[in-house]
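Next up, target-v8.cif (mmCIF, C-alpha atoms):
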```cif
data_upload
#
loop_
_atom_site.label_atom_id
_atom_site.label_comp_id
_atom_site.auth_asym_id
_atom_site.auth_seq_id
_atom_site.Cartn_x
_atom_site.Cartn_y
_atom_site.Cartn_z
CA MET A 1 14.27 21.77 12.31
CA LEU A 2 14.95 20.09 8.98
CA GLU A 3 17.94 22.34 8.31
CA ILE A 4 20.09 19.92 10.23
CA PHE A 5 19.91 17.57 7.24
CA THR A 6 21.01 20.30 4.87
CA ARG A 7 24.00 21.00 7.10
CA PHE A 8 24.79 17.33 7.38
CA ALA A 9 24.78 17.08 3.57
CA ASP A 10 26.93 20.23 3.29
CA TRP A 11 29.46 18.67 5.60
CA LEU A 12 29.50 15.22 3.97
CA ALA A 13 29.38 16.30 0.31
CA TYR A 14 31.55 19.40 0.38
CA THR A 15 33.91 18.89 3.31
CA VAL A 16 34.42 15.14 3.56
CA LEU A 17 34.02 14.20 -0.11
CA GLY A 18 35.51 17.49 -1.28
CA LEU A 19 32.95 18.10 -4.01
CA SER A 20 32.20 21.59 -5.22
CA ALA A 21 28.74 23.02 -4.77
CA GLU A 22 29.06 24.61 -8.20
CA THR A 23 29.26 21.35 -10.15
CA LYS A 24 26.35 19.18 -11.28
CA LEU A 25 27.88 16.20 -9.50
CA GLY A 26 28.27 18.08 -6.23
CA ASP A 27 24.70 19.26 -6.49
CA ALA A 28 23.37 15.75 -7.16
CA VAL A 29 25.37 14.15 -4.34
CA HIS A 30 24.28 16.85 -1.91
CA PHE A 31 20.65 16.34 -2.88
CA PHE A 32 21.00 12.59 -2.44
CA ILE A 33 22.57 12.77 1.02
CA GLU A 34 20.19 15.39 2.31
CA ASP A 35 17.04 13.61 1.14
CA VAL A 36 18.03 10.10 2.13
CA SER A 37 19.11 11.09 5.66
CA LYS A 38 16.04 13.25 6.17
CA ILE A 39 13.61 10.63 4.91
CA TYR A 40 15.16 7.81 6.94
CA VAL A 41 14.96 9.71 10.21
CA LEU A 42 11.44 11.01 9.58
CA LEU A 43 10.22 7.59 8.53
CA VAL A 44 11.30 5.80 11.66
CA VAL A 45 10.04 8.49 14.02
CA MET A 46 6.72 9.07 12.29
CA ILE A 47 5.85 5.45 11.60
CA TYR A 48 6.41 4.73 15.28
CA LEU A 49 4.23 7.62 16.44
CA ILE A 50 1.42 6.91 14.00
CA ALA A 51 1.48 3.20 14.78
CA LEU A 52 1.09 3.99 18.49
CA ILE A 53 -2.16 5.78 17.73
CA ARG A 54 -3.66 3.31 15.34
CA ALA A 55 -2.47 0.11 16.98
CA ALA A 56 -6.01 -1.09 17.55
CA LEU A 57 -7.15 -0.55 13.96
CA ASN A 58 -7.19 -3.58 11.69
CA VAL A 59 -9.04 -4.93 8.69
CA GLU A 60 -11.36 -7.05 10.84
CA ARG A 61 -12.61 -3.98 12.70
CA VAL A 62 -12.98 -2.02 9.48
CA ARG A 63 -15.06 -4.81 7.98
CA ASP A 64 -17.39 -4.97 10.97
CA TYR A 65 -17.74 -1.22 10.85
CA LEU A 66 -18.42 -1.01 7.11
CA ALA A 67 -20.87 -3.90 6.99
CA GLY A 68 -24.38 -2.54 6.84
CA LYS A 69 -23.40 1.09 6.24
CA ASN A 70 -25.45 2.81 3.57
CA LYS A 71 -23.77 3.30 0.23
CA GLY A 72 -23.25 7.05 0.06
CA ILE A 73 -21.34 7.23 3.30
CA GLY A 74 -19.85 3.79 2.65
CA TYR A 75 -17.67 4.96 -0.24
CA VAL A 76 -16.26 7.83 1.78
CA LEU A 77 -15.61 5.63 4.80
CA GLY A 78 -14.16 2.84 2.65
CA SER A 79 -11.74 5.24 1.09
CA LEU A 80 -10.83 6.85 4.44
CA PHE A 81 -10.14 3.49 6.03
CA GLY A 82 -8.17 2.47 2.95
CA ALA A 83 -5.89 5.41 3.64
CA VAL A 84 -5.31 4.77 7.34
CA THR A 85 -5.53 1.02 7.87
CA PRO A 86 -2.21 -0.78 7.95
CA PHE A 87 -2.36 -3.53 5.42
CA CYS A 88 0.01 -5.27 3.08
CA SER A 89 -0.90 -5.42 -0.59
CA CYS A 90 -0.30 -9.16 -0.51
CA SER A 91 -3.47 -9.39 1.60
CA SER A 92 -5.62 -7.66 -1.04
CA ILE A 93 -7.37 -10.84 -2.02
CA PRO A 94 -8.24 -12.15 1.46
CA VAL A 95 -9.44 -8.66 2.36
CA PHE A 96 -11.53 -8.40 -0.79
CA LEU A 97 -13.15 -11.75 -0.04
CA GLY A 98 -13.54 -11.00 3.65
CA PHE A 99 -15.41 -7.78 2.88
CA THR A 100 -17.45 -9.41 0.15
CA SER A 101 -18.50 -12.35 2.30
CA ALA A 102 -19.64 -9.87 4.96
CA GLY A 103 -22.07 -8.46 2.38
CA ILE A 104 -20.20 -5.20 1.79
CA PRO A 105 -20.90 -3.96 -1.78
CA VAL A 106 -18.10 -4.32 -4.33
CA GLY A 107 -17.93 -0.55 -4.77
CA ILE A 108 -17.15 0.09 -1.11
CA THR A 109 -14.60 -2.71 -1.02
CA MET A 110 -12.94 -1.26 -4.11
CA ALA A 111 -12.99 2.24 -2.60
CA PHE A 112 -10.92 0.71 0.19
CA LEU A 113 -8.58 -1.24 -2.07
CA LEU A 114 -8.01 1.58 -4.61
CA THR A 115 -7.19 4.20 -1.98
CA SER A 116 -5.00 1.92 0.06
CA PRO A 117 -1.87 1.80 -2.14
CA LEU A 118 -2.15 5.49 -3.05
CA ILE A 119 -2.34 6.94 0.43
CA ASN A 120 -0.58 5.80 3.54
CA GLU A 121 1.41 7.45 6.29
CA VAL A 122 4.72 6.92 4.52
CA ALA A 123 3.48 8.51 1.30
CA VAL A 124 2.01 11.52 3.08
CA LEU A 125 5.14 11.99 5.13
CA LEU A 126 7.40 11.85 2.09
CA LEU A 127 5.20 14.26 0.19
CA LEU A 128 5.10 16.73 3.06
CA SER A 129 8.84 16.75 3.50
CA LEU A 130 9.67 16.79 -0.21
CA VAL A 131 7.06 18.80 -2.08
CA GLY A 132 5.22 20.83 0.55
CA TRP A 133 1.71 20.80 1.95
CA LYS A 134 -0.16 22.14 -1.09
CA ILE A 135 0.75 19.29 -3.39
CA THR A 136 0.38 16.83 -0.51
CA LEU A 137 -3.18 18.00 0.05
CA MET A 138 -3.91 17.78 -3.65
CA TYR A 139 -2.47 14.28 -3.81
CA VAL A 140 -4.49 13.05 -0.82
CA LEU A 141 -7.74 14.57 -2.07
CA ILE A 142 -7.29 13.11 -5.54
CA GLY A 143 -6.34 9.72 -4.12
CA MET A 144 -9.50 9.64 -2.03
CA MET A 145 -11.72 10.90 -4.85
CA THR A 146 -10.35 8.14 -7.07
CA GLY A 147 -11.47 5.59 -4.48
CA ILE A 148 -14.84 7.18 -3.75
CA LEU A 149 -15.93 7.92 -7.31
CA GLY A 150 -14.39 4.71 -8.63
CA GLY A 151 -16.32 2.70 -6.05
CA ALA A 152 -19.57 4.49 -6.80
CA PHE A 153 -19.06 3.97 -10.52
CA LEU A 154 -18.45 0.24 -10.11
CA ASP A 155 -21.66 -0.18 -8.13
CA SER A 156 -23.60 1.90 -10.64
CA ILE A 157 -22.67 -0.51 -13.43
CA LYS A 158 -23.47 -3.47 -11.10
CA ALA A 159 -19.91 -4.69 -11.16
CA GLU A 160 -20.66 -7.64 -8.90
CA ARG A 161 -22.07 -9.44 -11.98
CA TRP A 162 -18.49 -9.85 -13.12
CA LEU A 163 -17.01 -11.33 -9.99
CA ARG A 164 -15.81 -14.90 -10.08
CA ASP A 165 -18.61 -17.31 -9.22
CA PHE A 166 -17.51 -18.24 -5.73
CA ALA A 167 -17.06 -14.60 -4.73
CA LEU A 168 -20.48 -13.65 -6.05
CA LYS A 169 -22.07 -16.55 -4.19
CA ALA A 170 -20.42 -15.46 -0.95
CA LEU A 171 -21.76 -11.93 -1.47
CA GLN A 172 -25.30 -13.15 -2.14
CA LYS A 173 -25.24 -15.49 0.80
CA ALA A 174 -24.19 -12.68 3.12
CA ARG A 175 -26.98 -10.45 1.80
CA GLN A 176 -29.58 -13.06 2.66
CA ALA A 177 -28.24 -13.85 6.10
CA PRO A 178 -26.28 -10.91 7.43
CA VAL A 179 -23.23 -11.86 9.43
CA SER A 180 -23.46 -10.76 13.03
CA ASN A 181 -21.42 -7.71 13.79
CA SER A 182 -19.65 -8.72 16.95
CA GLN A 183 -17.59 -11.54 15.47
CA SER A 184 -14.20 -10.12 16.21
CA GLU A 185 -14.46 -8.67 19.69
CA GLN A 186 -11.02 -7.52 20.66
CA PRO A 187 -9.81 -6.32 24.04
CA SER A 188 -8.41 -2.79 24.11
CA LEU A 189 -4.66 -2.50 24.14
CA THR A 190 -2.35 -1.54 26.96
CA LEU A 191 0.36 1.05 26.43
CA LYS A 192 3.00 -1.65 26.44
CA GLN A 193 1.22 -3.60 23.71
CA ARG A 194 0.91 -0.43 21.69
CA HIS A 195 4.62 0.24 22.03
CA GLN A 196 5.38 -3.32 20.99
CA PHE A 197 3.17 -2.97 17.92
CA ALA A 198 4.61 0.41 16.99
CA LYS A 199 8.19 -0.78 17.35
CA GLN A 200 7.49 -3.83 15.20
CA GLU A 201 5.68 -1.68 12.65
CA ALA A 202 8.51 0.86 12.39
CA LEU A 203 11.05 -1.93 11.92
CA ASP A 204 8.87 -3.80 9.42
CA ILE A 205 8.07 -0.81 7.26
CA PHE A 206 11.58 0.56 7.38
CA SER A 207 13.16 -2.73 6.39
CA ARG A 208 10.71 -2.92 3.51
CA VAL A 209 11.03 0.61 2.17
CA TRP A 210 14.62 1.73 2.81
CA LYS A 211 15.83 0.44 -0.53
CA TRP A 212 12.93 2.09 -2.34
CA VAL A 213 13.87 5.41 -0.85
CA LEU A 214 17.45 4.85 -1.99
CA ILE A 215 16.37 3.98 -5.54
CA GLY A 216 13.80 6.76 -5.73
CA VAL A 217 16.10 9.47 -4.41
CA GLY A 218 18.95 8.08 -6.52
CA LEU A 219 16.84 8.44 -9.67
CA GLY A 220 15.82 11.88 -8.51
CA ALA A 221 19.45 12.87 -7.94
CA ALA A 222 20.38 11.54 -11.38
CA LEU A 223 17.64 13.67 -12.91
CA HIS A 224 19.02 16.61 -10.96
CA GLY A 225 22.54 16.02 -12.16
CA VAL A 226 22.06 14.81 -15.72
CA VAL A 227 18.97 16.34 -17.23
CA PRO A 228 19.64 19.95 -18.24
CA ASP A 229 17.54 22.54 -16.46
CA GLY A 230 14.41 23.37 -18.38
CA TRP A 231 14.65 20.35 -20.68
CA ILE A 232 11.65 18.61 -19.16
CA ALA A 233 9.61 21.78 -19.01
CA GLN A 234 10.42 22.46 -22.64
CA HIS A 235 9.50 19.00 -23.89
CA PHE A 236 6.66 18.00 -21.62
CA GLY A 237 5.35 21.41 -20.60
CA GLU A 238 1.68 22.09 -20.01
CA GLY A 239 1.20 23.32 -23.57
CA GLN A 240 1.37 19.78 -24.82
CA TRP A 241 -1.92 18.14 -24.01
CA TRP A 242 -0.71 14.66 -24.96
CA SER A 243 1.94 14.62 -22.26
CA VAL A 244 -0.64 13.71 -19.58
CA PRO A 245 -2.02 10.53 -21.19
CA ALA A 246 1.53 9.68 -22.25
CA ALA A 247 2.69 9.96 -18.63
CA VAL A 248 -0.20 7.77 -17.47
CA VAL A 249 0.55 5.07 -20.04
CA LEU A 250 4.25 5.23 -19.19
CA GLY A 251 3.32 4.63 -15.55
CA ILE A 252 1.61 1.28 -16.21
CA PRO A 253 4.61 -0.94 -16.88
CA LEU A 254 6.59 0.93 -14.25
CA TYR A 255 5.57 -0.60 -10.99
CA SER A 256 6.50 0.97 -7.75
CA ASN A 257 4.96 1.60 -4.39
CA ALA A 258 4.28 5.15 -3.30
CA THR A 259 7.52 5.21 -1.30
CA GLY A 260 9.67 4.70 -4.37
CA VAL A 261 7.89 7.06 -6.68
CA ILE A 262 7.50 10.14 -4.49
CA PRO A 263 11.21 11.09 -4.41
CA VAL A 264 11.15 10.88 -8.22
CA MET A 265 8.08 13.08 -8.19
CA GLU A 266 9.99 15.79 -6.38
CA SER A 267 12.74 15.95 -8.96
CA LEU A 268 10.28 15.90 -11.84
CA LEU A 269 8.58 18.92 -10.30
CA VAL A 270 11.86 20.69 -9.59
CA ASN A 271 12.85 20.08 -13.19
CA GLY A 272 9.72 21.84 -14.38
CA LEU A 273 7.26 19.05 -15.19
CA PRO A 274 3.73 20.46 -14.67
CA VAL A 275 2.10 19.31 -11.44
CA GLY A 276 -0.86 17.60 -13.16
CA THR A 277 1.37 15.53 -15.40
CA THR A 278 3.57 14.59 -12.44
CA ILE A 279 0.70 13.46 -10.21
CA ALA A 280 -0.94 11.55 -13.07
CA PHE A 281 2.32 9.72 -13.73
CA CYS A 282 2.91 8.86 -10.09
CA MET A 283 -0.61 7.64 -9.41
CA SER A 284 -0.57 5.49 -12.49
CA THR A 285 2.72 3.96 -11.39
CA VAL A 286 1.38 3.15 -7.93
CA ALA A 287 -2.23 2.15 -8.56
CA ALA A 288 -2.42 0.79 -12.09
CA SER A 289 0.15 -1.93 -12.01
CA PHE A 290 0.16 -5.36 -13.54
CA PRO A 291 1.20 -7.38 -10.46
CA GLU A 292 -1.72 -5.99 -8.48
CA PHE A 293 -4.15 -6.72 -11.28
CA ILE A 294 -2.94 -10.25 -11.73
CA LEU A 295 -3.75 -10.78 -8.04
CA LEU A 296 -7.24 -9.39 -8.52
CA LYS A 297 -7.82 -11.80 -11.40
CA GLN A 298 -8.33 -14.49 -8.76
CA VAL A 299 -11.62 -12.93 -7.72
CA MET A 300 -12.73 -10.98 -10.80
CA GLN A 301 -13.59 -11.83 -14.37
CA TRP A 302 -11.62 -10.16 -17.16
CA ARG A 303 -14.47 -7.78 -17.87
CA LEU A 304 -14.47 -6.28 -14.40
CA LEU A 305 -10.71 -6.22 -14.28
CA SER A 306 -10.37 -4.27 -17.52
CA CYS A 307 -13.20 -2.03 -16.42
CA VAL A 308 -11.30 -1.06 -13.25
CA PHE A 309 -8.10 -0.62 -15.23
CA VAL A 310 -9.61 1.67 -17.87
CA MET A 311 -11.44 3.58 -15.16
CA LEU A 312 -8.15 4.31 -13.38
CA LEU A 313 -6.35 5.39 -16.54
CA VAL A 314 -9.17 7.71 -17.60
CA SER A 315 -9.46 9.30 -14.18
CA PHE A 316 -5.72 9.91 -13.81
CA THR A 317 -5.64 11.52 -17.25
CA LEU A 318 -8.59 13.77 -16.40
CA VAL A 319 -7.00 14.71 -13.09
CA GLY A 320 -3.75 15.55 -14.85
CA TRP A 321 -5.44 17.81 -17.37
CA LEU A 322 -7.55 19.48 -14.71
CA LEU A 323 -4.59 20.23 -12.46
CA ASN A 324 -2.50 21.54 -15.33
CA ALA A 325 -5.33 23.81 -16.38
CA LEU A 326 -5.76 25.06 -12.81
CA ALA A 327 -2.02 25.58 -12.38
CA ALA A 328 -1.93 27.61 -15.60
CA LEU A 329 -4.69 29.86 -14.24
CA MET A 330 -2.98 30.44 -10.90
CA MET B 1 0.17 -36.81 13.09
CA LYS B 2 -0.56 -33.15 13.29
CA ASP B 3 -1.72 -31.35 10.23
CA ILE B 4 -0.76 -27.69 10.02
CA LYS B 5 -1.80 -25.35 7.24
CA VAL B 6 -0.38 -21.90 6.68
CA LEU B 7 -2.90 -19.73 4.85
CA GLY B 8 -1.65 -16.87 2.71
CA SER B 9 -1.39 -15.65 -0.82
CA GLY B 10 2.30 -16.41 -1.12
CA CYS B 11 3.78 -13.41 0.67
CA ALA B 12 7.23 -13.54 2.24
CA LYS B 13 5.82 -13.73 5.77
CA CYS B 14 3.75 -16.80 4.93
CA THR B 15 6.74 -18.67 3.60
CA LYS B 16 8.69 -17.74 6.68
CA THR B 17 5.94 -18.92 9.01
CA ALA B 18 5.78 -22.31 7.30
CA GLU B 19 9.55 -22.69 7.38
CA GLN B 20 9.77 -21.83 11.06
CA LEU B 21 7.03 -24.28 11.99
CA GLN B 22 8.71 -27.03 10.04
CA LYS B 23 12.07 -26.33 11.65
CA LEU B 24 10.65 -26.12 15.14
CA ALA B 25 8.80 -29.42 14.72
CA GLN B 26 12.02 -31.06 13.62
CA GLU B 27 13.94 -29.71 16.60
CA MET B 28 11.24 -30.89 18.98
CA ASN B 29 10.99 -34.22 17.20
CA ILE B 30 7.28 -33.94 16.51
CA GLU B 31 5.73 -35.42 13.42
CA VAL B 32 3.75 -32.88 11.42
CA THR B 33 2.81 -32.06 7.90
CA VAL B 34 3.13 -28.37 7.20
CA SER B 35 1.50 -27.20 4.00
CA LYS B 36 0.87 -23.81 2.48
CA GLN B 37 -2.60 -22.99 1.31
CA THR B 38 -2.80 -20.19 -1.27
CA ASP B 39 -6.27 -20.77 -2.73
CA PRO B 40 -8.30 -17.61 -2.04
CA GLN B 41 -11.51 -19.58 -1.77
CA VAL B 42 -10.12 -21.75 1.01
CA ILE B 43 -8.74 -18.72 2.83
CA MET B 44 -12.16 -17.12 2.62
CA GLU B 45 -13.85 -20.20 4.04
CA TYR B 46 -11.73 -19.91 7.16
CA GLY B 47 -12.85 -16.29 7.41
CA VAL B 48 -9.27 -15.02 7.31
CA MET B 49 -8.42 -11.53 6.07
CA SER B 50 -4.97 -10.93 7.46
CA THR B 51 -2.33 -13.37 6.39
CA PRO B 52 -0.33 -15.37 7.31
CA ALA B 53 -2.86 -17.41 9.25
CA VAL B 54 -2.29 -20.79 10.87
CA VAL B 55 -4.71 -23.70 10.98
CA VAL B 56 -3.90 -26.66 13.27
CA ASP B 57 -5.90 -29.82 12.66
CA GLY B 58 -8.65 -27.90 10.94
CA GLN B 59 -8.89 -25.19 13.61
CA LEU B 60 -7.87 -21.59 12.99
CA VAL B 61 -5.45 -20.55 15.75
CA HIS B 62 -3.76 -17.41 14.47
CA SER B 63 -3.86 -14.72 11.82
CA GLY B 64 -2.15 -11.53 10.76
CA SER B 65 1.52 -12.00 11.54
CA ILE B 66 4.42 -14.39 11.91
CA PRO B 67 3.57 -16.12 15.20
CA GLN B 68 5.89 -15.95 18.22
CA THR B 69 8.06 -19.00 18.80
CA GLU B 70 6.26 -19.67 22.10
CA GLN B 71 2.91 -19.79 20.32
CA MET B 72 4.23 -22.18 17.72
CA LYS B 73 5.61 -24.49 20.41
CA ALA B 74 2.24 -24.53 22.12
CA TRP B 75 0.45 -25.58 18.94
CA LEU B 76 2.96 -28.31 18.27
CA THR B 77 2.76 -29.83 21.72
CA ARG B 78 -0.92 -29.59 22.50
#
```
Encoded form using structure tokens:
Amino acid sequence: MLEIFTRFADWLAYTVLGLSAETKLGDAVHFFIEDVSKIYVLLVVMIYLIALIRAALNVERVRDYLAGKNKGIGYVLGSLFGAVTPFCSCSSIPVFLGFTSAGIPVGITMAFLLTSPLINEVAVLLLLSLVGWKITLMYVLIGMMTGILGGAFLDSIKAERWLRDFALKALQKARQAPVSNSQSEQPSLTLKQRHQFAKQEALDIFSRVWKWVLIGVGLGAALHGVVPDGWIAQHFGEGQWWSVPAAVVLGIPLYSNATGVIPVMESLLVNGLPVGTTIAFCMSTVAASFPEFILLKQVMQWRLLSCVFVMLLVSFTLVGWLLNALAALM
Amino acid sequence: MKDIKVLGSGCAKCTKTAEQLQKLAQEMNIEVTVSKQTDPQVIMEYGVMSTPAVVVDGQLVHSGSIPQTEQMKAWLTR
């Protein structure tokens, strides 16, 4: 079914633009056209379909559901909901406080917030269409584990000690007098309302991410066209253990959402960068970014903030090493 | 005079909501003060998790999206 995009790119790059398939430029342009057209069409269709299904899911419902769950299952659920709940990263702080003031432990809230930028329908869709199901599965599992284990770790060191005062007070108050569960009773949606929501969602997300796709695929195409084959593999191959932490550190100042970084991921892989190094780099770019952390500063003390930061960097590095070692065995 | 607050941590949608309310009030010749409230503590006290949210005269009337024009008119005239 996806061949149609290859043919479209053949036609546009080789027939209309008259480029030769043999040249680096022709190859790069072809890659660019094929990926951009494919991703755009898939995005609009899939976002619409997924939004139809999850129209009734929102952060208020997730909060009511998570409040009062026991911890073990709470981390898993927090991370799962983080992956599927539509939610803009500019709402991180209100969501953090909303969860906290409902008495949900910091670890579960962080499981939600850490998984959320890493996994969403757009990221999964891009991964599936660009790098295949195996790496997609790996990416999703690692993303969720980061949330689950990270959340559990934060609770085990009693991270709530290092919240800002007002947030800690809200948490303690909620523990003493649990908030009733049925605060946000919502009527179920009609099909028409679902369609309305899905249409709006598809338009919203597309208008937000189209330029990221363009930039990401553009960078990918440039890598295709400019970097000599084998150069990356030779210089950052799995033999060099330091390439994983280096990739993670490099990812910190680079800030992108998952939509922008995944097309780059594909070309890094195609150019021979080991899968562990690639995933470590991408996750660090998406999850460990300064803008996000500056937001979190509003509710956390420096100690907790740096704790979360170091935790992310260490876990991405470990994941990178582990995957590279596994890939070498296979 | 009506007092309208738009709650939100400074995202594009919050700015838009405030602008639209201001503009609408002007067109309808209604006196209001529209202010943006970005303090997380205040947002928490209103129990809001999805922004932008709208508070009219101290009462929370909306949260989670840019409101429809019809809704905004209703708040301004009530």
Tell me, as a ChimeraX atom specification, which residues lie within 8 Å of Asp57 in chain B, counting all atoms listed in the file; anything in the same chain fewer than 5 positions away does not count.
/B:2-4
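Between Ser50 in chain B and the residues B:Met1, B:Leu7, B:Val32, B:Ala18, the shortest atom-to-atom distance, using all atoms listed in the file, involves B:Leu7.
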Among listed residues A:Met144, A:Val59, A:Leu137, A:Met110, nearest Ala83 in chain A (using all atoms listed in the file):
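Among A:Met144, A:Val59, A:Leu137, A:Met110, it is A:Met144 that comes nearest to Ala83 in chain A.
Shortest atom-to-atom contact with chain A among B:Met72, B:Ile30, B:Ile43, B:Ala53: B:Ile43, counting all atoms listed in the file.
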Would you mind listing, for every residue of chain A within 10 Å of chain B, the two atoms forming the shortest contact and the distance between them in Å to one decimal, using only C-alpha atoms, sorted by chain and ascending residue number, as a Markdown table?
```
| residue | atom | partner | partner_atom | distance |
| --- | --- | --- | --- | --- |
| A:Asn58 | CA | B:Ser50 | CA | 8.8 |
| A:Val59 | CA | B:Met49 | CA | 7.1 |
| A:Glu60 | CA | B:Met49 | CA | 7.2 |
| A:Arg63 | CA | B:Met49 | CA | 9.6 |
| A:Phe87 | CA | B:Ser50 | CA | 8.1 |
| A:Cys88 | CA | B:Ser50 | CA | 8.7 |
| A:Ser89 | CA | B:Cys11 | CA | 9.3 |
| A:Cys90 | CA | B:Cys11 | CA | 6.0 |
| A:Ser91 | CA | B:Ser50 | CA | 6.2 |
| A:Ser92 | CA | B:Met49 | CA | 8.6 |
| A:Ile93 | CA | B:Pro40 | CA | 6.8 |
| A:Pro94 | CA | B:Met49 | CA | 4.7 |
| A:Val95 | CA | B:Met49 | CA | 4.8 |
| A:Phe96 | CA | B:Met49 | CA | 8.2 |
| A:Leu97 | CA | B:Met44 | CA | 6.1 |
| A:Gly98 | CA | B:Met49 | CA | 5.7 |
| A:Phe99 | CA | B:Met49 | CA | 8.5 |
| A:Thr100 | CA | B:Met44 | CA | 9.7 |
| A:Ser101 | CA | B:Met44 | CA | 7.9 |
| A:Ala102 | CA | B:Gly47 | CA | 9.7 |
| A:Phe166 | CA | B:Gln41 | CA | 7.3 |
| A:Ala167 | CA | B:Gln41 | CA | 8.0 |
| A:Ala170 | CA | B:Met44 | CA | 9.2 |
| A:Leu295 | CA | B:Ser9 | CA | 9.0 |
| A:Gln298 | CA | B:Pro40 | CA | 7.4 |
| A:Val299 | CA | B:Pro40 | CA | 8.1 |
```
Take the residues from that selection and put them in a file with C-alpha atoms, as an mmCIF file, in the coordinates of the input.
```cif
data_model
loop_
_atom_site.group_PDB
_atom_site.id
_atom_site.type_symbol
_atom_site.label_atom_id
_atom_site.label_comp_id
_atom_site.auth_asym_id
_atom_site.auth_seq_id
_atom_site.Cartn_x
_atom_site.Cartn_y
_atom_site.Cartn_z
ATOM 1 C CA ASN A 58 -7.190 -3.580 11.690
ATOM 2 C CA VAL A 59 -9.040 -4.930 8.690
ATOM 3 C CA GLU A 60 -11.360 -7.050 10.840
ATOM 4 C CA ARG A 63 -15.060 -4.810 7.980
ATOM 5 C CA PHE A 87 -2.360 -3.530 5.420
ATOM 6 C CA CYS A 88 0.010 -5.270 3.080
ATOM 7 C CA SER A 89 -0.900 -5.420 -0.590
ATOM 8 C CA CYS A 90 -0.300 -9.160 -0.510
ATOM 9 C CA SER A 91 -3.470 -9.390 1.600
ATOM 10 C CA SER A 92 -5.620 -7.660 -1.040
ATOM 11 C CA ILE A 93 -7.370 -10.840 -2.020
ATOM 12 C CA PRO A 94 -8.240 -12.150 1.460
ATOM 13 C CA VAL A 95 -9.440 -8.660 2.360
ATOM 14 C CA PHE A 96 -11.530 -8.400 -0.790
ATOM 15 C CA LEU A 97 -13.150 -11.750 -0.040
ATOM 16 C CA GLY A 98 -13.540 -11.000 3.650
ATOM 17 C CA PHE A 99 -15.410 -7.780 2.880
ATOM 18 C CA THR A 100 -17.450 -9.410 0.150
ATOM 19 C CA SER A 101 -18.500 -12.350 2.300
ATOM 20 C CA ALA A 102 -19.640 -9.870 4.960
ATOM 21 C CA PHE A 166 -17.510 -18.240 -5.730
ATOM 22 C CA ALA A 167 -17.060 -14.600 -4.730
ATOM 23 C CA ALA A 170 -20.420 -15.460 -0.950
ATOM 24 C CA LEU A 295 -3.750 -10.780 -8.040
ATOM 25 C CA GLN A 298 -8.330 -14.490 -8.760
ATOM 26 C CA VAL A 299 -11.620 -12.930 -7.720
#
```
To one decimal place in Å, what is the distance between CA of Leu296 in chain A and CA of Leu125 in chain A?
28.2 Å
Contacts of range 264-269 of chain A within 7 Å, all atoms listed in the file, excl. fewer than 4 positions in-chain, as a list in words:
Leu130, Val131, Gly216, Val217, Leu219, Gly220, Leu223, His224, Leu273, Pro274, Val275, Thr278 and Cys282 of chain A
Just give me the gap between CA of Val244 in chain A and CA of Ala258 in chain A in Å, one decimal is fine.
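Computing the Euclidean distance for CA of Val244 in chain A and CA of Ala258 in chain A yields 19.0 Å.
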Could you give me, as a PyMOL selection string, the residues within 12 Å of Gln20 in chain B, counting all atoms listed in the file and dropping anything in the same chain fewer than 2 positions from it?
chain B and resi 6+13-18+22-27+34+66-73+76
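The spacing separating CA of Val45 in chain A from CA of Ala287 in chain A amounts to 26.5 Å.
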Would you translate the PyMOL selection byres ((chain A and resi 146) around 9) into the concrete set of residues it matches in this file, as a compact mmCIF listing (two decimals) with C-alpha atoms, in the coordinates of the input?
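Listing of selection03.txt after writing:
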```
# COMPACT_ATOMS: atom_id res chain seq x y z
CA SER A 79 -11.74 5.24 1.09
CA ALA A 111 -12.99 2.24 -2.60
CA LEU A 114 -8.01 1.58 -4.61
CA THR A 115 -7.19 4.20 -1.98
CA LEU A 141 -7.74 14.57 -2.07
CA ILE A 142 -7.29 13.11 -5.54
CA GLY A 143 -6.34 9.72 -4.12
CA MET A 144 -9.50 9.64 -2.03
CA MET A 145 -11.72 10.90 -4.85
CA GLY A 147 -11.47 5.59 -4.48
CA ILE A 148 -14.84 7.18 -3.75
CA LEU A 149 -15.93 7.92 -7.31
CA GLY A 150 -14.39 4.71 -8.63
CA GLY A 151 -16.32 2.70 -6.05
CA LEU A 312 -8.15 4.31 -13.38
CA SER A 315 -9.46 9.30 -14.18
CA PHE A 316 -5.72 9.91 -13.81
```
Residue nearest Arg303 in chain A - candidates A:Phe5, A:Trp133, A:Phe112, A:Trp162, atoms counted: only C-alpha atoms:
A:Trp162
Extract, using only C-alpha atoms, all DNA, RNA and protein residues at most 12 Å from Tyr14 in chain A, discarding same-chain residues fewer than 6 positions from it, and format them as a PDB file with C-alpha atoms, in the coordinates of the input.
```
ATOM      1  CA  THR A   6      21.010  20.300   4.870  1.00  0.00           C
ATOM      2  CA  ARG A   7      24.000  21.000   7.100  1.00  0.00           C
ATOM      3  CA  PHE A   8      24.790  17.330   7.380  1.00  0.00           C
ATOM      4  CA  SER A  20      32.200  21.590  -5.220  1.00  0.00           C
ATOM      5  CA  ALA A  21      28.740  23.020  -4.770  1.00  0.00           C
ATOM      6  CA  GLU A  22      29.060  24.610  -8.200  1.00  0.00           C
ATOM      7  CA  THR A  23      29.260  21.350 -10.150  1.00  0.00           C
ATOM      8  CA  LEU A  25      27.880  16.200  -9.500  1.00  0.00           C
ATOM      9  CA  GLY A  26      28.270  18.080  -6.230  1.00  0.00           C
ATOM     10  CA  ASP A  27      24.700  19.260  -6.490  1.00  0.00           C
ATOM     11  CA  ALA A  28      23.370  15.750  -7.160  1.00  0.00           C
ATOM     12  CA  VAL A  29      25.370  14.150  -4.340  1.00  0.00           C
ATOM     13  CA  HIS A  30      24.280  16.850  -1.910  1.00  0.00           C
ATOM     14  CA  PHE A  31      20.650  16.340  -2.880  1.00  0.00           C
ATOM     15  CA  ILE A  33      22.570  12.770   1.020  1.00  0.00           C
TER      16      ILE A  33
END
```
